[in-house]
file my_file_32.cif (mmCIF, C-alpha atoms)
data_target
loop_
_atom_site.label_atom_id
_atom_site.label_comp_id
_atom_site.auth_asym_id
_atom_site.auth_seq_id
_atom_site.Cartn_x
_atom_site.Cartn_y
_atom_site.Cartn_z
CA MET A 257 58.21 122.18 81.52
CA ASN A 258 61.84 122.31 80.43
CA PRO A 259 63.55 119.00 81.43
CA THR A 260 66.67 120.82 82.62
CA THR A 261 64.62 123.09 84.89
CA SER A 262 62.79 120.07 86.31
CA THR A 263 66.08 118.32 87.05
CA THR A 264 67.55 121.34 88.81
CA SER A 265 64.52 121.97 90.97
CA ALA A 266 64.37 118.34 92.09
CA ALA A 267 68.01 118.38 93.11
CA THR A 268 67.86 121.67 94.98
CA THR A 269 64.55 121.22 96.79
CA GLY A 270 65.39 117.77 98.14
CA ASP A 271 62.36 116.09 96.55
CA ARG A 272 62.07 112.58 97.95
CA ARG A 273 58.80 111.43 96.39
CA PRO A 274 58.84 107.88 94.97
CA GLY A 275 60.73 107.79 91.69
CA TYR A 276 62.16 111.31 92.07
CA LEU A 277 65.70 110.24 91.14
CA TYR A 278 64.49 108.26 88.14
CA ARG A 279 62.64 111.34 86.88
CA MET A 280 65.76 113.47 87.36
CA VAL A 281 67.89 111.03 85.37
CA ALA A 282 65.30 110.58 82.62
CA ALA A 283 64.69 114.32 82.32
CA HIS A 284 68.36 115.12 82.00
CA LEU A 285 68.91 112.51 79.30
CA ALA A 286 65.83 113.75 77.42
CA ALA A 287 67.16 117.31 77.56
CA HIS A 288 70.44 116.15 75.96
CA PRO A 289 69.35 113.57 73.35
CA ASP A 290 72.61 113.73 71.40
CA GLN A 291 74.87 113.16 74.39
CA ILE A 292 76.18 109.92 75.91
CA PHE A 293 76.71 109.97 79.68
CA THR A 294 78.67 107.77 82.06
CA VAL A 295 77.14 106.97 85.44
CA GLY A 296 79.69 109.17 87.17
CA GLU A 297 79.03 112.12 84.86
CA LEU A 298 75.29 111.97 85.51
CA THR A 299 75.79 111.67 89.26
CA LYS A 300 77.97 114.77 89.22
CA VAL A 301 75.76 116.91 87.00
CA LEU A 302 72.63 116.00 88.96
CA ASP A 303 74.43 116.72 92.24
CA VAL A 304 73.11 113.61 93.98
CA PRO A 305 75.07 111.53 96.53
CA SER A 306 74.52 108.00 95.23
CA THR A 307 76.21 106.72 92.08
CA GLY A 308 74.59 103.35 92.69
CA ALA A 309 71.08 104.85 92.70
CA VAL A 310 71.76 106.68 89.44
CA TYR A 311 73.04 103.46 87.92
CA GLU A 312 69.86 101.62 88.99
CA ALA A 313 67.71 104.31 87.35
CA LEU A 314 69.72 104.00 84.13
CA LYS A 315 69.34 100.22 84.16
CA LYS A 316 65.57 100.62 84.46
CA MET A 317 65.56 102.99 81.49
CA ALA A 318 67.67 100.63 79.39
CA LYS A 319 65.52 97.62 80.29
CA ALA A 320 62.37 99.52 79.24
CA GLY A 321 63.94 100.63 75.96
CA TYR A 322 64.09 104.26 77.12
CA ALA A 323 67.89 104.42 76.89
CA THR A 324 70.67 102.74 74.97
CA HIS A 325 73.34 101.04 77.09
CA LEU A 326 76.94 101.11 75.86
CA SER A 327 79.52 99.13 77.84
CA GLY A 328 83.18 99.70 78.63
CA PRO A 329 82.58 101.93 80.63
CA HIS A 330 78.83 101.86 81.18
CA ARG A 331 77.37 104.77 79.15
CA TYR A 332 73.80 105.69 78.36
CA GLN A 333 71.94 107.73 75.75
CA VAL A 334 68.22 108.43 75.66
CA THR A 335 66.09 106.83 72.94
CA GLN A 336 63.06 108.31 71.22
CA ALA A 337 60.90 106.09 73.39
CA GLY A 338 62.58 107.61 76.45
CA ILE A 339 61.87 111.13 75.18
CA ASP A 340 58.25 110.20 74.49
CA ALA A 341 57.88 108.71 77.98
CA ALA A 342 58.57 112.20 79.41
CA GLY A 343 60.21 110.88 82.56
CA THR A 344 57.45 108.50 83.60
CA MET A 345 58.53 105.27 85.25
CA PRO A 346 58.33 102.10 83.14
CA PRO A 347 55.70 99.59 84.28
CA PRO A 348 56.99 97.19 86.97
CA ALA A 349 58.17 93.78 85.80
CA PRO A 350 56.05 90.84 87.00
CA ARG A 351 57.32 89.38 90.25
CA THR A 352 58.90 85.95 90.17
CA PRO A 353 59.16 83.58 93.11
CA ARG A 354 62.38 83.72 95.07
CA GLN A 355 64.69 80.81 94.68
CA GLY A 356 65.40 78.95 97.87
CA ARG A 357 65.49 75.73 99.78
CA ARG A 358 62.94 74.81 102.46
CA GLY A 359 61.43 78.31 102.32
CA THR A 360 64.65 80.14 103.18
CA GLY A 361 63.92 82.89 100.60
CA ARG A 362 67.25 82.91 98.78
CA ARG A 363 67.76 86.26 97.05
CA GLN A 364 67.50 86.46 93.29
CA PRO A 365 70.86 85.97 91.53
CA VAL A 366 72.73 88.95 90.14
CA SER A 367 74.20 88.87 86.65
CA ARG A 368 77.96 89.43 86.31
CA PRO A 369 79.58 91.13 83.27
CA ASN A 370 80.50 87.72 81.80
CA GLY A 371 76.86 86.64 81.94
CA GLU A 372 77.30 84.22 84.83
CA LEU A 373 75.06 84.54 87.87
CA TYR A 374 76.10 85.42 91.41
CA PHE A 375 73.91 84.28 94.31
CA PRO A 376 73.98 86.90 97.11
CA ARG A 377 74.82 85.80 100.63
CA LYS A 378 73.81 87.21 104.02
CA LEU A 379 76.02 89.91 105.49
CA ALA A 380 75.44 92.51 108.23
CA GLY A 381 71.67 92.16 108.18
CA ALA A 382 71.43 92.47 104.39
CA THR A 383 73.13 90.77 101.44
CA ASP A 384 76.79 91.00 100.50
CA VAL A 385 75.93 92.80 97.24
CA ASP A 386 73.79 95.36 99.09
CA VAL A 387 76.48 95.93 101.72
CA LEU A 388 79.23 96.48 99.15
CA GLN A 389 77.07 98.97 97.27
CA ARG A 390 76.30 100.87 100.46
CA LEU A 391 79.98 100.99 101.38
CA ARG A 392 80.77 102.43 97.97
CA ASP A 393 78.08 105.08 98.34
CA LYS A 394 79.73 106.19 101.60
CA ARG A 395 83.30 105.88 100.21
CA ILE A 396 84.27 103.25 102.77
CA PRO A 397 86.98 101.02 101.22
CA VAL A 398 86.58 97.27 101.72
CA LEU A 399 89.10 94.43 101.67
CA LEU A 400 87.81 90.93 100.94
CA TYR A 401 90.01 88.08 102.13
CA GLY A 402 89.86 84.31 101.96
CA PRO A 403 91.20 81.32 99.99
CA PRO A 404 91.32 81.52 96.20
CA GLY A 405 88.14 80.30 94.53
CA THR A 406 85.66 81.31 97.24
CA GLY A 407 83.93 83.94 95.10
CA LYS A 408 85.57 87.23 96.07
CA THR A 409 85.91 88.48 92.51
CA ALA A 410 82.43 87.20 91.59
CA LEU A 411 80.91 89.17 94.47
CA ILE A 412 82.74 92.35 93.52
CA GLU A 413 81.72 92.04 89.86
CA ALA A 414 78.09 91.52 90.91
CA ALA A 415 78.16 94.57 93.17
CA TYR A 416 80.03 96.88 90.77
CA PRO A 417 79.13 96.38 87.09
CA ASP A 418 81.42 99.29 86.10
CA LEU A 419 84.46 97.54 87.57
CA LEU A 420 88.04 97.89 86.34
CA THR A 421 90.72 95.50 87.65
CA VAL A 422 94.44 95.46 88.35
CA ALA A 423 95.61 91.85 88.77
CA GLY A 424 98.33 91.89 91.39
CA THR A 425 101.54 89.87 91.15
CA GLY A 426 105.06 90.25 92.44
CA ASP A 427 105.89 91.91 89.11
CA THR A 428 103.16 94.58 89.23
CA VAL A 429 104.63 98.07 88.83
CA VAL A 430 103.35 101.63 89.20
CA GLU A 431 102.80 101.87 85.45
CA ASP A 432 100.23 99.06 85.70
CA PHE A 433 98.11 101.52 87.68
CA LEU A 434 98.93 104.84 86.04
CA GLY A 435 99.68 103.93 82.44
CA ASN A 436 102.70 103.93 80.17
CA PHE A 437 104.02 104.94 76.77
CA ILE A 438 103.36 102.53 73.91
CA PRO A 439 105.08 102.61 70.49
CA LEU A 440 103.14 103.81 67.46
CA PRO A 441 103.46 102.46 63.91
CA ASP A 442 105.13 105.69 62.75
CA GLY A 443 107.90 105.31 65.30
CA GLY A 444 106.53 107.70 67.91
CA PHE A 445 105.04 106.98 71.32
CA GLU A 446 101.66 107.59 72.92
CA PHE A 447 100.81 107.61 76.60
CA VAL A 448 97.95 105.24 77.47
CA TYR A 449 96.31 105.82 80.84
CA GLY A 450 96.10 102.92 83.27
CA PRO A 451 93.04 101.57 85.10
CA LEU A 452 93.55 103.74 88.20
CA VAL A 453 93.47 106.94 86.14
CA THR A 454 90.51 105.73 84.08
CA ALA A 455 88.55 104.71 87.17
CA MET A 456 89.22 108.06 88.86
CA ARG A 457 88.18 110.14 85.86
CA GLN A 458 85.10 108.11 85.00
CA GLY A 459 83.91 107.53 88.56
CA ARG A 460 84.27 103.77 88.36
CA ALA A 461 85.15 101.05 90.86
CA LEU A 462 88.69 99.65 90.84
CA LEU A 463 89.50 96.16 92.11
CA VAL A 464 93.07 95.53 93.16
CA ASP A 465 93.06 91.74 93.01
CA ASP A 466 95.68 89.85 95.00
CA ALA A 467 96.73 93.21 96.41
CA THR A 468 99.04 91.63 98.98
CA LEU A 469 101.28 90.23 96.23
CA ILE A 470 102.11 93.76 95.07
CA ALA A 471 105.19 95.48 96.50
CA PRO A 472 104.26 98.09 99.16
CA LYS A 473 106.09 100.87 97.31
CA VAL A 474 103.93 100.18 94.26
CA LEU A 475 100.68 100.10 96.25
CA ALA A 476 101.54 103.52 97.65
CA VAL A 477 100.33 105.01 94.36
CA LEU A 478 96.77 104.23 95.50
CA TYR A 479 96.84 105.97 98.84
CA PRO A 480 96.41 109.64 97.81
CA ALA A 481 93.52 108.54 95.57
CA MET A 482 91.81 106.78 98.49
CA ASP A 483 92.20 109.36 101.23
CA GLY A 484 90.63 112.79 101.58
CA ARG A 485 92.75 114.23 98.78
CA ARG A 486 91.36 111.91 96.07
CA VAL A 487 94.06 113.27 93.78
CA ILE A 488 97.14 111.74 92.19
CA THR A 489 99.96 113.03 90.00
CA ILE A 490 101.36 111.11 87.05
CA ALA A 491 105.03 111.90 87.49
CA GLY A 492 106.01 110.04 84.32
CA TYR A 493 103.65 112.05 82.14
CA ARG A 494 103.94 115.85 82.50
CA ASN A 495 103.21 115.63 86.23
CA GLU A 496 99.58 115.48 85.18
CA ARG A 497 97.11 115.92 88.02
CA VAL A 498 94.15 113.54 88.19
CA GLU A 499 91.14 114.17 90.43
CA ALA A 500 88.64 111.47 91.36
CA ALA A 501 85.12 111.89 90.02
CA ASP A 502 82.13 110.95 92.13
CA GLY A 503 81.68 107.19 92.16
CA PHE A 504 85.39 106.37 92.18
CA TYR A 505 86.00 103.57 94.64
CA VAL A 506 88.76 101.12 95.51
CA VAL A 507 88.16 97.55 96.66
CA ALA A 508 90.86 94.92 97.19
CA GLY A 509 91.18 91.16 97.39
CA HIS A 510 93.61 89.23 99.58
CA ASN A 511 94.40 85.51 99.59
CA PRO A 512 96.12 84.93 102.96
CA GLY A 513 97.35 81.41 102.16
CA VAL A 514 99.06 82.28 98.88
CA HIS A 515 102.86 82.21 98.94
CA GLY A 516 104.27 85.74 99.03
CA ALA A 517 101.03 87.42 100.16
CA ILE A 518 101.82 89.96 102.88
CA LEU A 519 99.14 92.21 104.36
CA THR A 520 101.10 95.24 105.57
CA GLU A 521 99.78 97.64 108.19
CA ALA A 522 99.90 100.44 105.61
CA LEU A 523 97.60 98.50 103.29
CA ALA A 524 95.28 97.11 105.97
CA SER A 525 94.73 100.52 107.52
CA ARG A 526 93.55 101.99 104.21
CA PHE A 527 90.54 99.65 104.19
CA ASP A 528 88.04 100.39 106.95
CA VAL A 529 86.08 97.17 106.40
CA HIS A 530 87.62 93.68 106.17
CA ILE A 531 85.25 90.87 105.12
CA GLU A 532 86.16 87.19 105.17
CA VAL A 533 84.85 85.20 102.20
CA THR A 534 84.53 81.44 102.57
CA THR A 535 82.85 78.83 100.41
CA ASP A 536 79.07 78.59 100.74
CA TRP A 537 78.45 74.85 100.91
CA ASP A 538 74.67 75.23 100.61
CA LEU A 539 75.20 77.22 97.43
CA ALA A 540 77.50 74.49 96.10
CA ARG A 541 74.72 71.94 96.61
CA HIS A 542 72.18 74.34 95.12
CA LEU A 543 74.35 74.63 92.00
CA GLY A 544 74.39 70.88 91.54
CA VAL A 545 77.72 69.83 93.04
CA PRO A 546 77.45 66.13 94.05
CA ARG A 547 77.13 65.53 97.79
CA PRO A 548 80.33 63.40 98.13
CA ALA A 549 82.36 66.20 96.54
CA VAL A 550 80.90 68.78 98.92
CA GLU A 551 81.52 66.52 101.93
CA THR A 552 85.12 65.97 100.81
CA ALA A 553 85.66 69.71 100.48
CA ILE A 554 84.19 70.40 103.92
CA ALA A 555 86.48 67.79 105.51
CA LEU A 556 89.57 69.10 103.72
CA ASN A 557 88.75 72.68 104.71
CA SER A 558 88.61 71.56 108.33
CA ASP A 559 92.07 70.03 107.85
CA LEU A 560 93.20 73.28 106.25
CA ALA A 561 92.00 75.30 109.24
CA ALA A 562 93.82 72.88 111.56
CA GLY A 563 97.05 73.19 109.59
CA ARG A 564 97.10 69.57 108.43
CA VAL A 565 97.07 70.54 104.74
CA SER A 566 97.96 73.68 102.82
CA TRP A 567 95.17 73.39 100.23
CA ALA A 568 91.50 72.49 100.09
CA PRO A 569 88.97 72.75 97.25
CA GLN A 570 86.69 75.78 97.26
CA LEU A 571 83.60 76.66 95.22
CA ARG A 572 85.63 77.23 92.05
CA GLU A 573 87.10 73.72 92.19
CA LEU A 574 83.73 72.18 93.07
CA LEU A 575 82.04 73.79 90.09
CA GLY A 576 84.91 72.56 87.94
CA PHE A 577 84.40 69.07 89.38
CA THR A 578 80.74 69.19 88.35
CA ARG A 579 81.53 70.27 84.79
CA VAL A 580 84.21 67.59 84.36
CA SER A 581 81.92 64.95 85.85
CA LYS A 582 79.20 65.75 83.33
CA THR A 583 81.70 65.67 80.47
CA LEU A 584 84.09 62.82 81.34
CA GLY A 585 82.38 60.96 84.18
CA VAL A 586 82.71 60.89 87.96
CA ALA A 587 85.95 58.85 88.06
CA ALA A 588 87.72 61.35 85.81
CA ALA A 589 86.39 64.26 87.84
CA VAL A 590 87.65 62.69 91.08
CA GLY A 591 91.06 62.02 89.53
CA ASN A 592 91.22 65.57 88.21
CA LEU A 593 90.43 67.03 91.64
CA ALA A 594 93.15 64.88 93.19
CA GLY A 595 95.61 66.11 90.57
CA ARG A 596 94.84 69.73 91.37
CA ALA A 597 96.10 69.31 94.93
CA PRO A 598 99.70 70.39 95.66
CA ALA A 599 102.18 67.50 95.68
CA GLU A 600 102.72 67.76 99.44
CA ASP A 601 98.96 67.45 100.12
CA ARG A 602 98.01 64.98 97.40
CA GLU A 603 98.15 61.83 99.52
CA HIS A 604 95.87 63.42 102.11
CA VAL A 605 93.45 64.65 99.44
CA VAL A 606 93.37 61.26 97.71
CA ALA A 607 92.51 59.58 101.02
CA ALA A 608 89.66 62.03 101.64
CA LEU A 609 88.27 61.46 98.14
CA LYS A 610 88.55 57.68 98.45
CA ALA A 611 86.71 57.71 101.77
CA ARG A 612 83.68 59.41 100.22
CA PHE A 613 83.63 58.08 96.67
CA GLY A 614 84.50 54.51 97.68
CA ALA A 615 86.96 53.71 94.89
CA ASP A 616 90.62 53.95 94.09
CA VAL A 617 91.63 57.49 93.16
CA THR A 618 94.33 58.18 90.60
CA PRO A 619 95.18 61.67 89.33
CA LEU A 620 94.56 62.05 85.62
CA THR A 621 97.65 60.78 83.81
CA LEU A 622 98.30 60.00 80.16
CA GLY A 623 98.66 56.28 79.50
CA LYS A 624 100.07 54.25 76.66
CA GLN A 625 98.99 54.77 73.08
CA ARG A 626 95.87 52.81 72.26
#

call {"tool": "encode", "arguments": {"input": "my_file_32.cif", "output": "structure tokens"}}
result
Amino acid sequence: MNPTTSTTSAATTGDRRPGYLYRMVAAHLAAHPDQIFTVGELTKVLDVPSTGAVYEALKKMAKAGYATHLSGPHRYQVTQAGIDAAGTMPPPAPRTPRQGRRGTGRRQPVSRPNGELYFPRKLAGATDVDVLQRLRDKRIPVLLYGPPGTGKTALIEAAYPDLLTVAGTGDTVVEDFLGNFIPLPDGGFEFVYGPLVTAMRQGRALLVDDATLIAPKVLAVLYPAMDGRRVITIAGYRNERVEAADGFYVVAGHNPGVHGAILTEALASRFDVHIEVTTDWDLARHLGVPRPAVETAIALNSDLAAGRVSWAPQLRELLGFTRVSKTLGVAAAVGNLAGRAPAEDREHVVAALKARFGADVTPLTLGKQR
């Protein structure tokens, strides 16, 4: 049977037998052995609704040696082994016990692009990673909000391995989304497309991090890409029209307590789902953070919620505490954590640390020459 014919018939007849999508993906790659496909391109050519499902099939092929995985963006090409396999599923990997405490059945960690692991958390009857992937499949934009260091970016990277990012600041401009001209060695200029354009064309996810630090007039460049039009125009470059490929998705992060962060109605209304992200104290313990440090963080976060302080350590700071403790010792780690607190909160933070570590606390400071 011709692989292309097999792919077309599966898509048009609505075949839902186990592994049908994997066979469609494998057959199409085998029919085009010299081509390299992005996830979005395959989703479009196969005329299937779920970019995430296509991506999972490609990951299975790559893990079995049936396809070569090229990153930046994620692209795949069939191998000879994949052609020889003729679309059959690779054998299942042996099951490993779930990690957990007291039989809670903690989900297996998910690898992020930097190689670090993300431990999924419960959300809406599933896990946060599952929920974010389902929202993307249905094109429902999501806004994650919470203090810096609680794991918002880690979650998004775990859910969307094809992620591109715009880091928001008060100085972010439209060109940071769309692209700009750069000088060439010969004296000319070349237009380089920005992450919004790249994500739209390649069907990738786009994170607008610290979105509420970006001026509203700049953020407006996103809105036609997110609504039913899914089209933008690059006014600064030939009025070029850009249409969103299947898989394109926008997710944003918001740190409410950061100075200058303003969540406007125009921005909030563009995201149908708002999810609060707080520090998972059980996860902190699971990752080896000492109990006194976790207890200090919990107490300071209660003070933060009550308005008694403007800062409290989150998971990022606790993991940093653990690394410093292993390298320089507990006293240095405690002093370092105290020094990370804002000046107006430092006395309060020092008192909380002293109460749980039972020793004088001094922020790390250079002394005299030895």

call {"tool": "residues_near_point", "arguments": {"input": "my_file_32.cif", "point": "(91.3, 99.9, 103.2)", "cutoff": "9 Å", "atoms": "all atoms listed in the file", "output": "list in words"}}
result
Ile396, Pro397, Val398, Leu399, Met482, Val506, Val507, Ala508, Ala522, Leu523, Ala524, Ser525, Arg526, Phe527, Asp528, Val529 and His530 of chain A

call {"tool": "atom_distance", "arguments": {"input": "my_file_32.cif", "atom1": "atom CA of A:Pro480", "atom2": "atom CA of A:Glu499"}}
result
10.1 Å

call {"tool": "closest_residue", "arguments": {"input": "my_file_32.cif", "among": "A:Pro289, A:Pro369, A:Glu297, A:Leu593", "to": "A:Thr324", "atoms": "all atoms listed in the file"}}
result
A:Pro289

call {"tool": "resolve_selection", "arguments": {"input": "my_file_32.cif", "expression": "the PyMOL selection byres ((chain A and resi 448) around 6)", "output": "PyMOL selection string"}}
result
chain A and resi 435-436+447+449

call {"tool": "closest_residue", "arguments": {"input": "my_file_32.cif", "among": "A:Gly296, A:Gly381, A:Gly509, A:Gly459", "to": "A:Pro403", "atoms": "all atoms listed in the file"}}
result
A:Gly509

call {"tool": "residues_around", "arguments": {"input": "my_file_32.cif", "residues": "A:Tyr322", "least_positions_apart": "3", "cutoff": "10 Å", "atoms": "only C-alpha atoms", "output": "ChimeraX atom specification"}}
result
/A:282,285-286,314-319,325,332-343,345-346

call {"tool": "residues_around", "arguments": {"input": "my_file_32.cif", "residues": "A:Ala415", "least_positions_apart": "2", "cutoff": "7 Å", "atoms": "only C-alpha atoms", "output": "VMD selection string"}}
result
chain A and resid 385 388 to 389 411 to 413 417

call {"tool": "atom_distance", "arguments": {"input": "my_file_32.cif", "atom1": "atom CA of A:Leu462", "atom2": "atom CA of A:Ser306"}}
result
17.0 Å

call {"tool": "atom_distance", "arguments": {"input": "my_file_32.cif", "atom1": "atom CA of A:Asp393", "atom2": "atom CA of A:Thr406"}}
result
25.0 Å

call {"tool": "resolve_selection", "arguments": {"input": "my_file_32.cif", "expression": "the PyMOL selection byres ((chain A and resi 383) around 12)", "output": "list in words"}}
result
Arg362, Arg363, Gln364, Pro365, Val366, Tyr374, Phe375, Pro376, Arg377, Lys378, Leu379, Ala380, Gly381, Ala382, Asp384, Val385, Asp386, Val387, Leu388, Gln389, Arg390, Leu411, Ala414 and Ala415 of chain A

call {"tool": "residues_around", "arguments": {"input": "my_file_32.cif", "residues": "A:Leu298", "least_positions_apart": "3", "cutoff": "9 Å", "atoms": "all atoms listed in the file", "output": "number ranges by chain"}}
result
A: 281, 284-285, 293-295, 301-304, 307, 310
